[in-house]
file data-v9.pdb (PDB, C-alpha atoms, pLDDT in the B column)
ATOM      1  CA  MET A   1      20.377  27.531  20.556  1.00 51.00           C
ATOM      2  CA  ILE A   2      23.627  27.220  22.524  1.00 52.00           C
ATOM      3  CA  LEU A   3      24.069  23.675  21.230  1.00 41.00           C
ATOM      4  CA  ILE A   4      23.717  24.870  17.631  1.00 45.00           C
ATOM      5  CA  LEU A   5      26.236  27.675  18.195  1.00 39.00           C
ATOM      6  CA  LEU A   6      28.682  25.282  19.857  1.00 37.00           C
ATOM      7  CA  SER A   7      28.333  22.801  16.976  1.00 41.00           C
ATOM      8  CA  PHE A   8      29.021  25.598  14.502  1.00 38.00           C
ATOM      9  CA  LEU A   9      32.122  26.800  16.362  1.00 35.00           C
ATOM     10  CA  ILE A  10      33.556  23.302  16.597  1.00 37.00           C
ATOM     11  CA  ALA A  11      33.053  22.856  12.854  1.00 40.00           C
ATOM     12  CA  VAL A  12      34.714  26.122  11.774  1.00 36.00           C
ATOM     13  CA  LEU A  13      37.486  26.798  14.300  1.00 37.00           C
ATOM     14  CA  PRO A  14      40.899  25.393  13.382  1.00 41.00           C
ATOM     15  CA  VAL A  15      42.120  22.715  15.701  1.00 42.00           C
ATOM     16  CA  SER A  16      45.813  22.379  16.387  1.00 47.00           C
ATOM     17  CA  PRO A  17      46.768  18.729  16.104  1.00 44.00           C
ATOM     18  CA  ASP A  18      47.791  17.087  19.328  1.00 48.00           C
ATOM     19  CA  PRO A  19      51.123  15.312  18.642  1.00 42.00           C
ATOM     20  CA  LYS A  20      50.100  12.502  20.964  1.00 46.00           C
ATOM     21  CA  LEU A  21      47.034  11.783  18.817  1.00 42.00           C
ATOM     22  CA  LYS A  22      48.291  12.478  15.280  1.00 59.00           C
ATOM     23  CA  ASN A  23      51.007  10.962  13.164  1.00 83.00           C
ATOM     24  CA  ILE A  24      54.280  12.806  12.732  1.00 91.00           C
ATOM     25  CA  ASN A  25      53.661  13.934   9.155  1.00 88.00           C
ATOM     26  CA  LEU A  26      50.291  15.498  10.029  1.00 90.00           C
ATOM     27  CA  VAL A  27      51.885  17.537  12.804  1.00 94.00           C
ATOM     28  CA  ILE A  28      54.742  18.643  10.503  1.00 95.00           C
ATOM     29  CA  GLU A  29      52.250  19.475   7.730  1.00 93.00           C
ATOM     30  CA  HIS A  30      50.334  21.689  10.169  1.00 93.00           C
ATOM     31  CA  SER A  31      53.604  23.428  11.072  1.00 94.00           C
ATOM     32  CA  ILE A  32      54.460  24.013   7.400  1.00 95.00           C
ATOM     33  CA  LYS A  33      51.034  25.597   6.891  1.00 92.00           C
ATOM     34  CA  ALA A  34      51.742  27.983   9.778  1.00 92.00           C
ATOM     35  CA  GLN A  35      55.318  28.789   8.769  1.00 94.00           C
ATOM     36  CA  ILE A  36      54.614  29.365   5.076  1.00 92.00           C
ATOM     37  CA  ASN A  37      52.633  32.430   6.157  1.00 90.00           C
ATOM     38  CA  THR A  38      55.295  33.719   8.570  1.00 92.00           C
ATOM     39  CA  THR A  39      58.085  34.301   6.094  1.00 92.00           C
ATOM     40  CA  GLY A  40      61.592  33.988   7.520  1.00 94.00           C
ATOM     41  CA  SER A  41      60.441  32.913  10.960  1.00 94.00           C
ATOM     42  CA  LEU A  42      61.706  29.674  12.489  1.00 96.00           C
ATOM     43  CA  GLY A  43      59.092  27.524  14.181  1.00 96.00           C
ATOM     44  CA  TYR A  44      59.151  24.149  15.872  1.00 97.00           C
ATOM     45  CA  THR A  45      56.565  21.444  16.225  1.00 96.00           C
ATOM     46  CA  ASP A  46      55.698  20.204  19.674  1.00 95.00           C
ATOM     47  CA  THR A  47      57.889  17.322  20.771  1.00 96.00           C
ATOM     48  CA  LEU A  48      57.185  14.238  18.669  1.00 96.00           C
ATOM     49  CA  LYS A  49      58.008  10.656  19.595  1.00 95.00           C
ATOM     50  CA  PHE A  50      59.862   8.991  16.727  1.00 96.00           C
ATOM     51  CA  LYS A  51      59.878   5.230  16.416  1.00 95.00           C
ATOM     52  CA  TYR A  52      61.820   2.920  14.113  1.00 96.00           C
ATOM     53  CA  LYS A  53      61.218   3.648  10.397  1.00 95.00           C
ATOM     54  CA  ASP A  54      59.180   6.834  10.955  1.00 95.00           C
ATOM     55  CA  SER A  55      59.978   9.152   8.073  1.00 94.00           C
ATOM     56  CA  ILE A  56      59.863  12.813   7.192  1.00 95.00           C
ATOM     57  CA  SER A  57      59.043  13.023   3.504  1.00 93.00           C
ATOM     58  CA  ALA A  58      58.550  16.132   1.349  1.00 93.00           C
ATOM     59  CA  THR A  59      56.304  14.144  -0.971  1.00 89.00           C
ATOM     60  CA  SER A  60      53.818  13.067   1.680  1.00 88.00           C
ATOM     61  CA  LEU A  61      53.983  16.412   3.488  1.00 90.00           C
ATOM     62  CA  THR A  62      53.040  18.492   0.460  1.00 89.00           C
ATOM     63  CA  ASP A  63      50.019  16.469  -0.698  1.00 82.00           C
ATOM     64  CA  GLY A  64      47.524  18.702   1.101  1.00 78.00           C
ATOM     65  CA  LEU A  65      49.432  21.987   0.841  1.00 86.00           C
ATOM     66  CA  ASP A  66      49.845  24.826  -1.632  1.00 82.00           C
ATOM     67  CA  VAL A  67      53.539  23.946  -1.753  1.00 89.00           C
ATOM     68  CA  ASP A  68      55.191  21.663  -4.292  1.00 91.00           C
ATOM     69  CA  ARG A  69      57.594  18.928  -3.143  1.00 91.00           C
ATOM     70  CA  ASP A  70      60.389  20.771  -4.979  1.00 92.00           C
ATOM     71  CA  GLN A  71      59.934  23.645  -2.530  1.00 94.00           C
ATOM     72  CA  VAL A  72      60.444  21.519   0.617  1.00 95.00           C
ATOM     73  CA  TYR A  73      63.827  20.241   1.797  1.00 95.00           C
ATOM     74  CA  VAL A  74      64.625  17.871   4.652  1.00 96.00           C
ATOM     75  CA  VAL A  75      68.026  18.516   6.247  1.00 94.00           C
ATOM     76  CA  VAL A  76      69.540  16.544   9.126  1.00 94.00           C
ATOM     77  CA  PRO A  77      72.347  17.958  11.303  1.00 92.00           C
ATOM     78  CA  THR A  78      75.539  15.918  10.854  1.00 89.00           C
ATOM     79  CA  ASP A  79      75.557  14.618  14.422  1.00 90.00           C
ATOM     80  CA  LEU A  80      72.207  12.875  13.788  1.00 94.00           C
ATOM     81  CA  ILE A  81      73.037  11.290  10.397  1.00 94.00           C
ATOM     82  CA  GLY A  82      73.723   7.566  10.365  1.00 92.00           C
ATOM     83  CA  ASN A  83      72.851   6.410  13.853  1.00 90.00           C
ATOM     84  CA  THR A  84      69.603   8.338  14.343  1.00 96.00           C
ATOM     85  CA  PHE A  85      68.319   9.510  10.938  1.00 97.00           C
ATOM     86  CA  SER A  86      69.173   8.379   7.422  1.00 97.00           C
ATOM     87  CA  ASP A  87      71.223  10.695   5.237  1.00 95.00           C
ATOM     88  CA  PRO A  88      68.738  12.881   3.316  1.00 95.00           C
ATOM     89  CA  SER A  89      71.282  13.553   0.555  1.00 92.00           C
ATOM     90  CA  THR A  90      70.470  10.116  -0.866  1.00 92.00           C
ATOM     91  CA  SER A  91      66.977  11.427  -1.711  1.00 92.00           C
ATOM     92  CA  SER A  92      68.002  14.925  -2.876  1.00 92.00           C
ATOM     93  CA  TYR A  93      67.066  16.211   0.595  1.00 94.00           C
ATOM     94  CA  LYS A  94      63.455  15.113   0.250  1.00 94.00           C
ATOM     95  CA  ARG A  95      63.305  12.344   2.886  1.00 95.00           C
ATOM     96  CA  THR A  96      64.894  10.986   6.033  1.00 95.00           C
ATOM     97  CA  ILE A  97      64.046   7.899   8.082  1.00 96.00           C
ATOM     98  CA  TYR A  98      64.414   7.455  11.841  1.00 96.00           C
ATOM     99  CA  LEU A  99      66.787   4.506  12.306  1.00 97.00           C
ATOM    100  CA  LYS A 100      66.878   3.718  16.027  1.00 96.00           C
ATOM    101  CA  SER A 101      64.982   0.786  17.468  1.00 95.00           C
ATOM    102  CA  THR A 102      64.237   2.819  20.618  1.00 95.00           C
ATOM    103  CA  LYS A 103      61.730   5.652  20.607  1.00 95.00           C
ATOM    104  CA  GLU A 104      63.076   9.174  21.054  1.00 96.00           C
ATOM    105  CA  ASP A 105      61.633  12.667  21.232  1.00 96.00           C
ATOM    106  CA  TYR A 106      62.464  15.319  18.646  1.00 97.00           C
ATOM    107  CA  LYS A 107      61.001  18.591  17.521  1.00 97.00           C
ATOM    108  CA  ILE A 108      60.958  19.433  13.841  1.00 97.00           C
ATOM    109  CA  GLY A 109      62.170  22.877  12.919  1.00 96.00           C
ATOM    110  CA  VAL A 110      60.421  24.535   9.985  1.00 97.00           C
ATOM    111  CA  ILE A 111      61.554  27.716   8.270  1.00 96.00           C
ATOM    112  CA  CYS A 112      60.009  29.069   5.075  1.00 96.00           C
ATOM    113  CA  ASP A 113      60.999  32.080   3.000  1.00 96.00           C
ATOM    114  CA  TYR A 114      61.314  33.195  -0.583  1.00 96.00           C
ATOM    115  CA  LYS A 115      64.182  31.508  -2.404  1.00 95.00           C
ATOM    116  CA  GLU A 116      66.020  34.829  -2.744  1.00 94.00           C
ATOM    117  CA  SER A 117      65.831  35.432   1.032  1.00 95.00           C
ATOM    118  CA  ILE A 118      66.167  31.950   2.552  1.00 94.00           C
ATOM    119  CA  GLU A 119      69.935  32.230   3.091  1.00 92.00           C
ATOM    120  CA  VAL A 120      69.503  35.419   5.154  1.00 93.00           C
ATOM    121  CA  SER A 121      66.685  33.864   7.201  1.00 94.00           C
ATOM    122  CA  LEU A 122      68.726  30.732   7.846  1.00 94.00           C
ATOM    123  CA  GLY A 123      71.718  32.848   8.894  1.00 92.00           C
ATOM    124  CA  TYR A 124      69.605  34.987  11.194  1.00 92.00           C
ATOM    125  CA  ASN A 125      68.404  31.807  12.913  1.00 92.00           C
ATOM    126  CA  GLY A 126      71.913  30.305  13.169  1.00 88.00           C
ATOM    127  CA  LEU A 127      71.349  27.721  10.439  1.00 90.00           C
ATOM    128  CA  ALA A 128      73.690  29.178   7.772  1.00 87.00           C
ATOM    129  CA  GLY A 129      76.908  31.106   7.542  1.00 75.00           C
ATOM    130  CA  GLY A 130      78.576  29.404  10.487  1.00 65.00           C
ATOM    131  CA  SER A 131      82.037  27.879  10.607  1.00 60.00           C
ATOM    132  CA  ASN A 132      80.794  24.347   9.898  1.00 60.00           C
ATOM    133  CA  ASP A 133      79.693  23.965   6.249  1.00 63.00           C
ATOM    134  CA  GLU A 134      78.283  20.518   7.057  1.00 64.00           C
ATOM    135  CA  ASP A 135      75.566  22.126   9.177  1.00 73.00           C
ATOM    136  CA  ASP A 136      75.133  25.234   7.023  1.00 85.00           C
ATOM    137  CA  PHE A 137      71.689  24.399   5.676  1.00 90.00           C
ATOM    138  CA  PHE A 138      71.937  26.877   2.784  1.00 90.00           C
ATOM    139  CA  SER A 139      75.268  25.417   1.593  1.00 88.00           C
ATOM    140  CA  ILE A 140      73.612  22.006   1.592  1.00 88.00           C
ATOM    141  CA  ILE A 141      70.666  22.933  -0.653  1.00 90.00           C
ATOM    142  CA  LYS A 142      71.963  25.786  -2.837  1.00 89.00           C
ATOM    143  CA  ASP A 143      73.514  23.512  -5.480  1.00 86.00           C
ATOM    144  CA  LEU A 144      70.602  21.099  -5.825  1.00 89.00           C
ATOM    145  CA  ASP A 145      69.132  21.205  -9.341  1.00 88.00           C
ATOM    146  CA  ASP A 146      65.513  21.588  -8.232  1.00 87.00           C
ATOM    147  CA  PHE A 147      66.504  24.464  -5.907  1.00 92.00           C
ATOM    148  CA  LYS A 148      68.492  26.218  -8.645  1.00 91.00           C
ATOM    149  CA  ASP A 149      65.546  25.829 -11.042  1.00 93.00           C
ATOM    150  CA  LEU A 150      63.083  27.625  -8.732  1.00 94.00           C
ATOM    151  CA  ASP A 151      62.223  31.246  -9.422  1.00 94.00           C
ATOM    152  CA  ASN A 152      63.506  33.653  -6.719  1.00 94.00           C
ATOM    153  CA  SER A 153      59.924  34.670  -5.888  1.00 94.00           C
ATOM    154  CA  ILE A 154      58.934  31.102  -4.926  1.00 94.00           C
ATOM    155  CA  LYS A 155      58.783  30.176  -1.244  1.00 94.00           C
ATOM    156  CA  VAL A 156      60.875  27.281  -0.005  1.00 95.00           C
ATOM    157  CA  CYS A 157      60.696  25.463   3.328  1.00 96.00           C
ATOM    158  CA  ILE A 158      63.462  23.656   5.174  1.00 96.00           C
ATOM    159  CA  LEU A 159      62.662  21.024   7.798  1.00 96.00           C
ATOM    160  CA  PHE A 160      65.096  19.544  10.293  1.00 96.00           C
ATOM    161  CA  PRO A 161      64.992  17.443  13.467  1.00 96.00           C
ATOM    162  CA  LYS A 162      66.167  18.960  16.732  1.00 94.00           C
ATOM    163  CA  ARG A 163      66.570  17.331  20.133  1.00 89.00           C
TER     164      ARG A 163
END

call {"tool": "encode", "arguments": {"input": "data-v9.pdb", "output": "structure tokens"}}
result
Amino acid sequence: MILILLSFLIAVLPVSPDPKLKNINLVIEHSIKAQINTTGSLGYTDTLKFKYKDSISATSLTDGLDVDRDQVYVVVPTDLIGNTFSDPSTSSYKRTIYLKSTKEDYKIGVICDYKESIEVSLGYNGLAGGSNDEDDFFSIIKDLDDFKDLDNSIKVCILFPKR
């Protein structure tokens, strides 16, 4: 009887992915699932070890989610563009690639909110409205065509690496 109950619990309880056992995109996908339901709240993945050519891609991240790739943006702080991560502007902020030949640890920040409220949420979390427009995540995405085309009641998610 206990064995049957234990088998049932293992089958139905959600399991948080262990970043040491899962690939980076699975861990980020799990974080998006959590953050999409906590509107305006900033969350971080556990520390992930990036290796050469690992990528963060809105297309692969949204395959198993109730979020379209046009609702997910990948932003990289300016001090990490070029030497550490590729410039996501070349893919309309949908993808970045880790460029270093040495492995390094990063967390991925995830914040989701309705389009009409994302600027306020970013500002509240220190990611918009600062003195440096290059690292003002809202200034970066607000003029993108696919962002402008979204209805204000649609949720959007912004992902970014953090040391």

call {"tool": "resolve_selection", "arguments": {"input": "data-v9.pdb", "expression": "the PyMOL selection byres ((chain A and resi 87) around 10)", "output": "list of chain:residue names"}}
result
A:Val74, A:Val75, A:Val76, A:Pro77, A:Thr78, A:Leu80, A:Ile81, A:Gly82, A:Asn83, A:Thr84, A:Phe85, A:Ser86, A:Pro88, A:Ser89, A:Thr90, A:Ser91, A:Ser92, A:Tyr93, A:Arg95, A:Thr96, A:Ile97

call {"tool": "residues_near_point", "arguments": {"input": "data-v9.pdb", "point": "(64.1, 33.6, -0.1)", "cutoff": "9 Å", "atoms": "all atoms listed in the file", "output": "list in words"}}
result
Thr39, Gly40, Cys112, Asp113, Tyr114, Lys115, Glu116, Ser117, Ile118, Glu119, Val120, Ser121, Asn152, Ser153, Ile154, Lys155 and Val156 of chain A

call {"tool": "residues_around", "arguments": {"input": "data-v9.pdb", "residues": "segment 63-66 of chain A", "least_positions_apart": "3", "cutoff": "10 Å", "atoms": "only C-alpha atoms", "output": "list in words"}}
result
Leu26, Glu29, His30, Ile32, Lys33, Ile36, Ala58, Thr59, Ser60 and Arg69 of chain A

call {"tool": "closest_residue", "arguments": {"input": "data-v9.pdb", "among": "A:Cys157, A:Asp70, A:Leu122, A:Leu99", "to": "Ala34 of chain A", "atoms": "only C-alpha atoms"}}
result
A:Cys157

call {"tool": "atom_distance", "arguments": {"input": "data-v9.pdb", "atom1": "atom CA of Lys51 of chain A", "atom2": "atom CA of Val72 of chain A"}}
result
22.7 Å

call {"tool": "atom_distance", "arguments": {"input": "data-v9.pdb", "atom1": "atom CA of Thr62 of chain A", "atom2": "atom CA of Val27 of chain A"}}
result
12.4 Å

call {"tool": "resolve_selection", "arguments": {"input": "data-v9.pdb", "expression": "the PyMOL selection byres ((chain A and resi 45) around 8)", "output": "count of residues only"}}
result
12

call {"tool": "resolve_selection", "arguments": {"input": "data-v9.pdb", "expression": "the PyMOL selection byres ((chain A and resi 52) around 7)", "output": "PyMOL selection string"}}
result
chain A and resi 50-51+53-54+98-102

call {"tool": "write_last_selection", "arguments": {"input": "data-v9.pdb", "atoms": "C-alpha atoms", "output": "PDB file, in the coordinates of the input"}}
result
ATOM      1  CA  PHE A  50      59.862   8.991  16.727  1.00 96.00           C
ATOM      2  CA  LYS A  51      59.878   5.230  16.416  1.00 95.00           C
ATOM      3  CA  LYS A  53      61.218   3.648  10.397  1.00 95.00           C
ATOM      4  CA  ASP A  54      59.180   6.834  10.955  1.00 95.00           C
ATOM      5  CA  TYR A  98      64.414   7.455  11.841  1.00 96.00           C
ATOM      6  CA  LEU A  99      66.787   4.506  12.306  1.00 97.00           C
ATOM      7  CA  LYS A 100      66.878   3.718  16.027  1.00 96.00           C
ATOM      8  CA  SER A 101      64.982   0.786  17.468  1.00 95.00           C
ATOM      9  CA  THR A 102      64.237   2.819  20.618  1.00 95.00           C
TER      10      THR A 102
END

call {"tool": "axis_aligned_box", "arguments": {"input": "data-v9.pdb", "around": "segment 108-116 of chain A", "padding_each_side": "6 Å", "output": "JSON"}}
result
{"center_x": 63.0, "center_y": 27.1, "center_z": 5.5, "size_x": 18.0, "size_y": 27.4, "size_z": 28.6}

call {"tool": "decode", "arguments": {"input": "data-v9.pdb", "residues": "segment 72-88 of chain A", "atoms": "N, CA and C atoms", "output": "PDB file, in the first residue's frame"}}
result
ATOM      1  N   VAL A  72       8.463  36.564 -25.783  1.00  0.00           N
ATOM      2  CA  VAL A  72       9.676  36.345 -24.991  1.00  0.00           C
ATOM      3  C   VAL A  72      10.846  37.089 -25.640  1.00  0.00           C
ATOM      4  N   TYR A  73      11.572  37.842 -24.807  1.00  0.00           N
ATOM      5  CA  TYR A  73      12.701  38.632 -25.282  1.00  0.00           C
ATOM      6  C   TYR A  73      13.943  38.269 -24.473  1.00  0.00           C
ATOM      7  N   VAL A  74      15.070  38.188 -25.168  1.00  0.00           N
ATOM      8  CA  VAL A  74      16.345  37.886 -24.529  1.00  0.00           C
ATOM      9  C   VAL A  74      17.189  39.158 -24.597  1.00  0.00           C
ATOM     10  N   VAL A  75      17.534  39.702 -23.433  1.00  0.00           N
ATOM     11  CA  VAL A  75      18.303  40.938 -23.356  1.00  0.00           C
ATOM     12  C   VAL A  75      19.607  40.629 -22.611  1.00  0.00           C
ATOM     13  N   VAL A  76      20.691  41.212 -23.082  1.00  0.00           N
ATOM     14  CA  VAL A  76      21.996  40.995 -22.448  1.00  0.00           C
ATOM     15  C   VAL A  76      22.543  42.352 -22.003  1.00  0.00           C
ATOM     16  N   PRO A  77      22.908  42.496 -20.730  1.00  0.00           N
ATOM     17  CA  PRO A  77      23.512  43.752 -20.275  1.00  0.00           C
ATOM     18  C   PRO A  77      24.739  44.089 -21.125  1.00  0.00           C
ATOM     19  N   THR A  78      24.960  45.382 -21.370  1.00  0.00           N
ATOM     20  CA  THR A  78      26.023  45.805 -22.285  1.00  0.00           C
ATOM     21  C   THR A  78      27.399  45.296 -21.896  1.00  0.00           C
ATOM     22  N   ASP A  79      27.677  45.151 -20.614  1.00  0.00           N
ATOM     23  CA  ASP A  79      29.015  44.703 -20.223  1.00  0.00           C
ATOM     24  C   ASP A  79      29.262  43.229 -20.542  1.00  0.00           C
ATOM     25  N   LEU A  80      28.231  42.497 -20.937  1.00  0.00           N
ATOM     26  CA  LEU A  80      28.396  41.078 -21.289  1.00  0.00           C
ATOM     27  C   LEU A  80      28.327  40.827 -22.800  1.00  0.00           C
ATOM     28  N   ILE A  81      27.975  41.856 -23.578  1.00  0.00           N
ATOM     29  CA  ILE A  81      27.851  41.684 -25.036  1.00  0.00           C
ATOM     30  C   ILE A  81      29.235  41.696 -25.672  1.00  0.00           C
ATOM     31  N   GLY A  82      29.450  40.755 -26.575  1.00  0.00           N
ATOM     32  CA  GLY A  82      30.682  40.722 -27.359  1.00  0.00           C
ATOM     33  C   GLY A  82      31.686  39.700 -26.887  1.00  0.00           C
ATOM     34  N   ASN A  83      32.156  39.848 -25.653  1.00  0.00           N
ATOM     35  CA  ASN A  83      33.146  38.901 -25.151  1.00  0.00           C
ATOM     36  C   ASN A  83      32.520  37.684 -24.497  1.00  0.00           C
ATOM     37  N   THR A  84      31.324  37.842 -23.909  1.00  0.00           N
ATOM     38  CA  THR A  84      30.712  36.744 -23.168  1.00  0.00           C
ATOM     39  C   THR A  84      29.486  36.183 -23.888  1.00  0.00           C
ATOM     40  N   PHE A  85      28.573  37.052 -24.282  1.00  0.00           N
ATOM     41  CA  PHE A  85      27.358  36.637 -24.999  1.00  0.00           C
ATOM     42  C   PHE A  85      27.244  37.416 -26.298  1.00  0.00           C
ATOM     43  N   SER A  86      26.659  36.784 -27.311  1.00  0.00           N
ATOM     44  CA  SER A  86      26.439  37.478 -28.580  1.00  0.00           C
ATOM     45  C   SER A  86      25.370  38.553 -28.398  1.00  0.00           C
ATOM     46  N   ASP A  87      25.393  39.519 -29.282  1.00  0.00           N
ATOM     47  CA  ASP A  87      24.451  40.634 -29.231  1.00  0.00           C
ATOM     48  C   ASP A  87      23.064  40.146 -29.663  1.00  0.00           C
ATOM     49  N   PRO A  88      22.078  40.158 -28.757  1.00  0.00           N
ATOM     50  CA  PRO A  88      20.755  39.650 -29.117  1.00  0.00           C
ATOM     51  C   PRO A  88      19.999  40.541 -30.093  1.00  0.00           C
TER      52      PRO A  88
END
